[in-house]
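Let me begin by presenting the structure, written as C-alpha cells, before commenting on it.
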Amino acid sequence: MILTGKVWRYGDNVDTDVIIPARYLNTSNPKELAIHCMEDIDPGFAGRVEQGDILAAGRNFGCGSSREHAPVALRASGISCVIAASFARIFYRNAINIGLPLIELAEADEIQAGDSVSVDVASGKVTNLTSGKTYQAEPLPEFIQEIARAGGLINFVKGEA
Amino acid sequence: MGMTQTEKILAKHAGMESVRPGQLIRCKIDLALANDITAPPAIIEFEKIGRPVFDKAKIALVPDHFTPNKDIKSAQMAKNMKEFARKHDIIHYFEVGRMGIEHVLLPEVGLVAPGELIIGADSHTCTYGALGAFATGVGSTDLGAAMATGDTWFKVPESIQVILKNKPRHWVSGKDVILYLIGKIGVEGARYQALEFCGEGVAALSMADRFTIANMAIEAGGKNGIFPVDETALAYLAGRVSRPYQVITADADAVYASTIEIDLAELEPVVALPHLPENVRPARELGEIAIDQVVIGSCTNGRLEDLAQAAAILQSRSVHPAVRAIIIPGSQDVYLTAMKLGYIETFIQAGAVVSTPTCGPCLGGYMGILAAGERAVSTTNRNFRGRMGHVDSEVYLAGPAVAAASAITGHISVPEEVMA
C-alpha cells in the first residue's frame with residue numbers, strides 16, 4: 001500500500017488529550033470526533049485537513065489515555081498515516097487495531113509541514129517528494145502486518161474462528 | 001537465563017516455559033475491564049465478532065468517567081453498557097451507588113490477585129501491578145476482541161528494575177515517589193517497558209502508596225508497573241480474594257534493561273508543573289503560585305489513606321476563600337469509612353465540597369472544570385494541556401498532603417506551612 005499526501009507537522013509528546021479532548025468523548029461517532037480533532041494543539045486542523053494527508057511528529061506520539069477515539073478521530077479527519085520518531089505503546093496498538101497505518105522513523109523530524117510525502121506501508125520506505133530524500137523505517141512485524149492485512153483486529157479475530 | 005516478574009506472568013498465561021523481551025505472544029486473560037467511555041465502542045466491536053462473551057465472571061464494567069451521567073449523550077453511553085451487562089449476564093457490573101473509580105474499586109472488591117493477567121480499556125489499568133499482577137491498558141477494539149476470545153497479544157517488554165531503599169519521611173507518599181521517578185526518567189523513560197519495583201523500601205509503602213506508584217507507570221510510558229507480593233499485600237488480599245492465586249517472583253538472575261535506585265529517605269513532597277508529568281520540582285521551591293482549585297481524589301489518590309492525610313491537614317482549618325476544594329472518595333466503601341472516621345465532616349467544615357466517586361475532573365469531564373487562566377493543584381495523574389478544562393488552564397500534580405495544604409493557603413504549599 002503506497003500512500004501519498006501533504007504533511008501536518010507537530011512536535012514531541014503529542015498526547016491523546018490534545019488529539020481528542022475528553023470533553024468530546026460523550027460520543028464515539030468518528031465524524032463527531034473528527035470535528036474536534038487536534039483542537040487544543042491546532043484549532044485550524046479540523047477545518048483544513050484533507051483526505052489522504054499525512055501527520056508527522058516527534059517522539060512519544062499518542063502518549064496518555066487508552067482512548068481509541070484518538071486514532072479514530074485522526075483517521076476520520078482524513079489522516080492516512082502517522083509518521084513519528086516514536087509512538088506511545090497503547091496508541092500504537094490502537095492505531096494498528098483500527099487500521100490507521102503508523103511508521104516509526106528516527107528521522108521523522110526532517111519532514112516539514114506542507115511537504116509532500118509518499119509512504120510504502122509494507123516495506124517502511126518513506127519518500128519526501130518535496131526534499132527528494134528517502135528514508136527506510138523498520139517494517140511492521142509479520143504478525144502485526146497480518147492484522148493490518150485483515151483490515152484490523154476484529155476481522156483478524158473473525159478469520160480465526 | 002532467569003525471567004523478570006513480568007516475563008514469568010506473561011509466559012504462564014501464554015502457556016510457555018519462558019519468554020524473552022521483544023517476543024510476540026498470545027496470552028489468556030483473567031479479567032477484562034471497561035468504563036462508560038471505552039465500553040460502548042468495545043461492545044460495537046465485540047458484536048461484529050458474533051460470539052458470546054468468553055466468561056461472564058471475568059469482565060468488569062464500571063460506569064465512572066461521566067457518571068452520575070453528566071449529559072444526555074453520556075447517559076446514552078452508560079445505558080448501552082448497562083444493557084450489554086444485562087444481556088450477557090455480566091457479574092461484575094457496578095451501578096452508580098454501588099461503584100467506585102475503577103482502579104480503586106477492582107482491587108477493593110477482590111477482582112485482582114497476584115500472578116493474574118488483566119487488561120483494561122483505560123490506561124491506568126497498570127494500577128493492579130501493586131498486587132503483583134500483570135495489568136495494562138488497551139483500547140476498545142482490543143477489549144472488545146478479548147471479551148469474545150478471552151485472550152490477547154502482547155510484545156514482551158524489557159523491564160526496568162527500580163530498587164527502593166529506606167523509608168520515606170512524614171508527608172512523603174507514593175505520589176511523591178512516582179513523580180520523582182517520572183521527573184528522573186521522563187514521560188517516555190519507560191516507553192514499551194515494564195517498571196519492576198523491588199528492594200527493602202517496598203515494605204515501608206502502604207498499599208495505597210503502591211497503587212499510586214503502579215498507576216502512574218503509564219505516565220513514564222510504561223506498559224506496566226509491578227510490585228513484589230509481601231506481607232502488606234497479602235494482608236490486603238485477605239478477606240478480599242478467596243480464589244486460589246499464585247505469587248510470582250522475579251528470578252534472582254533476571255535480566256533488566258536498566259536499574260534505578262531511589263532512596264526514599266531523601267525524597268520530599270514534589271509537584272509536577274504544567275503541562276507534563278515529568279516537570280517535577282520540590283514543592284517548597286516553587287514560591288507563591290496562587291491557585292483557584294484543589295482536587296483530592298481519582299484513581300491515583302482517592303483511597304482512605306489519601307483522605308486521612310488530607311483530613312489531618314484540613315482538621316480545624318479552612319479552605320482559602322479564593323479556592324474551590326473538591327474531594328472525591330474513590331469508592332462507596334472509601335466514602336462510608338471516611339464518613340465513619342469523621343473525615344467527611346472535617347472536609348465540609350473546612351469549606352470543601354465532597355462528591356460521590358467519579359473520574360469527572362481528572363479528565364476534564366465535569367465536576368470541577370477550569371476556566372481560561374485558572375490553576376489547580378490536583379492529586380490526579382495527568383497535567384496535559386487542557387486536561388481539566390480550558391486549554392489555557394493549568395494543572396499542578398501533587399500528593400494529597402501538598403494539595404490539602406495548598407487549599408488552605410491559596411498557593412502551592414508544603415504541609416509544614418500550615419501544620420506549624
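Residue numbers start at 1 in each chain; chains themselves are named A, B, ... in the order of the C-alpha cells; ligands are numbered from 1 in the order shown.
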Within 6 Å of chain B, which residues of chain A show up? Give each one with its shortest atom-to-atom distance in Å (one decimal) and the two atoms involved, counting only C-alpha atoms, rows by chain then rising residue number, as a Markdown table.
| residue | atom | partner | partner_atom | distance |
| --- | --- | --- | --- | --- |
| A:Arg23 | CA | B:Gly365 | CA | 5.3 |
| A:Asn26 | CA | B:Ser74 | CA | 4.9 |
| A:Ser65 | CA | B:Ser123 | CA | 5.2 |
| A:Ser66 | CA | B:Ser123 | CA | 4.7 |
| A:Arg67 | CA | B:Gly139 | CA | 6.0 |
| A:Glu68 | CA | B:Gly139 | CA | 5.2 |
| A:Arg89 | CA | B:Tyr192 | CA | 5.8 |
| A:Ile90 | CA | B:Val138 | CA | 5.8 |
| A:Asn94 | CA | B:Gly139 | CA | 5.6 |
| A:Lys158 | CA | B:Ile49 | CA | 5.6 |
Write out, as an mmCIF file, in the first residue's frame, the residues just selected, with C-alpha atoms.
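And here's out_20.cif as it stands now:
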data_model
loop_
_atom_site.group_PDB
_atom_site.id
_atom_site.type_symbol
_atom_site.label_atom_id
_atom_site.label_comp_id
_atom_site.auth_asym_id
_atom_site.auth_seq_id
_atom_site.Cartn_x
_atom_site.Cartn_y
_atom_site.Cartn_z
ATOM 1 C CA ARG A 23 -14.907 16.714 26.874
ATOM 2 C CA ASN A 26 -19.543 11.521 25.254
ATOM 3 C CA SER A 65 -5.004 7.806 27.585
ATOM 4 C CA SER A 66 -6.051 4.429 26.171
ATOM 5 C CA ARG A 67 -8.865 6.194 24.312
ATOM 6 C CA GLU A 68 -9.094 4.610 20.879
ATOM 7 C CA ARG A 89 2.508 1.925 23.308
ATOM 8 C CA ILE A 90 -1.282 1.960 23.634
ATOM 9 C CA ASN A 94 -4.956 1.053 18.921
ATOM 10 C CA LYS A 158 -13.183 -13.313 12.940
#
Considering only C-alpha atoms, return as a short mmCIF file (atom, residue, chain, number, x, y, z; two decimals) with N, CA, C and O atoms, in the first residue's frame whatever protein or nucleic-acid residues lie within 8 Å of A:Gly99, sequence-local ones (same chain, fewer than 4 positions apart) excluded.
data_model
loop_
_atom_site.label_atom_id
_atom_site.label_comp_id
_atom_site.auth_asym_id
_atom_site.auth_seq_id
_atom_site.Cartn_x
_atom_site.Cartn_y
_atom_site.Cartn_z
N ALA A 95 -3.98 2.10 16.97
CA ALA A 95 -3.96 2.51 15.56
C ALA A 95 -3.92 1.28 14.65
O ALA A 95 -4.65 1.20 13.66
N ALA A 148 -2.99 -5.96 10.05
CA ALA A 148 -3.22 -4.86 9.12
C ALA A 148 -3.85 -5.36 7.82
O ALA A 148 -4.80 -4.77 7.31
N GLY A 151 -7.38 -5.98 7.83
CA GLY A 151 -8.20 -4.77 7.93
C GLY A 151 -8.49 -4.40 9.38
O GLY A 151 -9.47 -3.74 9.68
N GLY A 152 -7.62 -4.86 10.29
CA GLY A 152 -7.81 -4.54 11.70
C GLY A 152 -8.04 -5.78 12.53
O GLY A 152 -8.21 -6.89 11.99
#
Note to self: Report as a list in words all protein, DNA and RNA residues lying within 9 Å of stretch 45-48 of chain A, evaluated on only C-alpha atoms, omitting residues in the same chain fewer than 2 positions from it.
What the structure shows: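 My reading of the contact set: Trp8, Ala34, Ile35, His36, Cys37, Met38, Glu39, Ile41, Asp42, Pro43, Glu50 and Ser77 of chain A.
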Proximity to B:Leu111 - best of B:Phe54, B:Phe197, B:Phe84, B:Tyr245, only C-alpha atoms
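Closest candidate: B:Tyr245.
Distance annotation: of B:Ala85, B:Ala34, B:Val354, B:Ala250, the residue with the minimal separation from B:Glu7 is B:Ala250; atom set is only C-alpha atoms.
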Counting only C-alpha atoms, the residue among B:Ala401, B:Leu181, B:Val319, B:Val414 that lies closest to B:Leu264 is B:Leu181
Find the spatial neighbours of stretch 55-64 of chain A, counting only C-alpha atoms, within a cut-off of 7 Å - ignore same-chain residues fewer than 6 positions away - and output them as a CSV table (one decimal) with N, CA, C and O atoms, in the first residue's frame.
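part16.csv written:
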chain,number,residue,atom,x,y,z
A,7,VAL,N,1.8,17.0,4.4
A,7,VAL,CA,2.2,16.8,5.8
A,7,VAL,C,1.7,17.9,6.7
A,7,VAL,O,1.8,19.1,6.5
A,8,TRP,N,1.1,17.4,7.9
A,8,TRP,CA,0.9,18.2,9.0
A,8,TRP,C,2.0,17.9,10.0
A,8,TRP,O,2.2,16.7,10.3
A,9,ARG,N,2.6,18.9,10.6
A,9,ARG,CA,3.8,18.6,11.4
A,9,ARG,C,3.6,19.1,12.9
A,9,ARG,O,3.1,20.2,13.1
A,10,TYR,N,3.9,18.2,13.8
A,10,TYR,CA,3.8,18.5,15.3
A,10,TYR,C,5.0,18.0,16.0
A,10,TYR,O,5.8,17.3,15.4
A,11,GLY,N,5.2,18.4,17.3
A,11,GLY,CA,6.4,18.2,18.0
A,11,GLY,C,6.4,16.9,18.8
A,11,GLY,O,5.8,15.9,18.4
A,12,ASP,N,7.1,16.9,19.9
A,12,ASP,CA,7.2,15.7,20.8
A,12,ASP,C,6.0,15.6,21.7
A,12,ASP,O,5.4,16.6,22.1
A,13,ASN,N,5.8,14.4,22.3
A,13,ASN,CA,4.8,14.1,23.3
A,13,ASN,C,3.4,14.7,23.0
A,13,ASN,O,2.7,15.2,23.8
A,14,VAL,N,3.0,14.5,21.8
A,14,VAL,CA,1.6,14.9,21.4
A,14,VAL,C,0.7,13.9,22.1
A,14,VAL,O,0.7,12.7,21.8
A,15,ASP,N,-0.1,14.4,23.1
A,15,ASP,CA,-0.9,13.4,23.9
A,15,ASP,C,-2.3,13.2,23.4
A,15,ASP,O,-2.8,14.0,22.6
A,16,THR,N,-3.0,12.2,23.9
A,16,THR,CA,-4.3,11.9,23.4
A,16,THR,C,-5.3,12.9,23.8
A,16,THR,O,-6.4,13.1,23.2
A,79,ILE,N,-6.7,11.8,7.9
A,79,ILE,CA,-5.2,11.4,8.0
A,79,ILE,C,-5.1,10.0,7.6
A,79,ILE,O,-5.8,9.1,8.1
A,81,CYS,N,-2.0,8.3,7.5
A,81,CYS,CA,-0.8,7.6,8.1
A,81,CYS,C,-0.2,8.6,9.0
A,81,CYS,O,-0.2,9.8,8.8
A,82,VAL,N,0.4,8.1,10.1
A,82,VAL,CA,1.2,8.9,11.0
A,82,VAL,C,2.6,8.5,11.0
A,82,VAL,O,2.9,7.3,11.2
A,83,ILE,N,3.5,9.4,10.8
A,83,ILE,CA,5.0,9.1,10.9
A,83,ILE,C,5.5,9.8,12.1
A,83,ILE,O,5.3,11.0,12.3
A,84,ALA,N,6.2,9.1,13.0
A,84,ALA,CA,6.7,9.8,14.2
A,84,ALA,C,8.0,9.1,14.6
A,84,ALA,O,8.3,8.0,14.2
A,85,ALA,N,8.8,9.9,15.3
A,85,ALA,CA,10.1,9.3,15.8
A,85,ALA,C,9.9,8.1,16.7
A,85,ALA,O,10.6,7.2,16.7
A,86,SER,N,8.8,8.2,17.5
A,86,SER,CA,8.4,7.1,18.3
A,86,SER,C,6.9,7.3,18.7
A,86,SER,O,6.4,8.4,18.7
A,87,PHE,N,6.3,6.1,19.1
A,87,PHE,CA,4.9,6.2,19.5
A,87,PHE,C,4.7,5.6,20.9
A,87,PHE,O,5.4,4.7,21.3
A,88,ALA,N,3.7,6.2,21.6
A,88,ALA,CA,3.3,5.6,22.9
A,88,ALA,C,2.7,4.2,22.6
A,88,ALA,O,2.0,4.0,21.6
A,91,PHE,N,-1.3,3.8,22.0
A,91,PHE,CA,-1.7,4.5,20.8
A,91,PHE,C,-1.3,3.6,19.6
A,91,PHE,O,-2.1,3.4,18.7
A,108,ALA,N,12.1,11.3,11.5
A,108,ALA,CA,10.8,12.0,11.3
A,108,ALA,C,10.9,13.5,11.4
A,108,ALA,O,10.1,14.2,10.8
A,109,ASP,N,11.8,14.0,12.2
A,109,ASP,CA,12.0,15.5,12.4
A,109,ASP,C,12.4,16.2,11.1
A,109,ASP,O,12.3,17.4,11.0
A,111,ILE,N,11.0,15.8,8.3
A,111,ILE,CA,9.8,16.0,7.5
A,111,ILE,C,9.1,17.3,8.0
A,111,ILE,O,8.8,17.4,9.1
B,188,GLU,N,8.7,9.5,28.6
B,188,GLU,CA,8.9,8.2,27.7
B,188,GLU,C,10.0,7.4,28.2
B,188,GLU,O,10.5,6.5,27.5
B,219,GLU,N,2.5,7.1,33.0
B,219,GLU,CA,2.9,8.4,32.7
B,219,GLU,C,4.4,8.5,32.4
B,219,GLU,O,4.9,9.5,32.0
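Taking atom CA of A:Gly44 and atom CA of A:Gly78 as the two end points, the separation is 14.2 Å.
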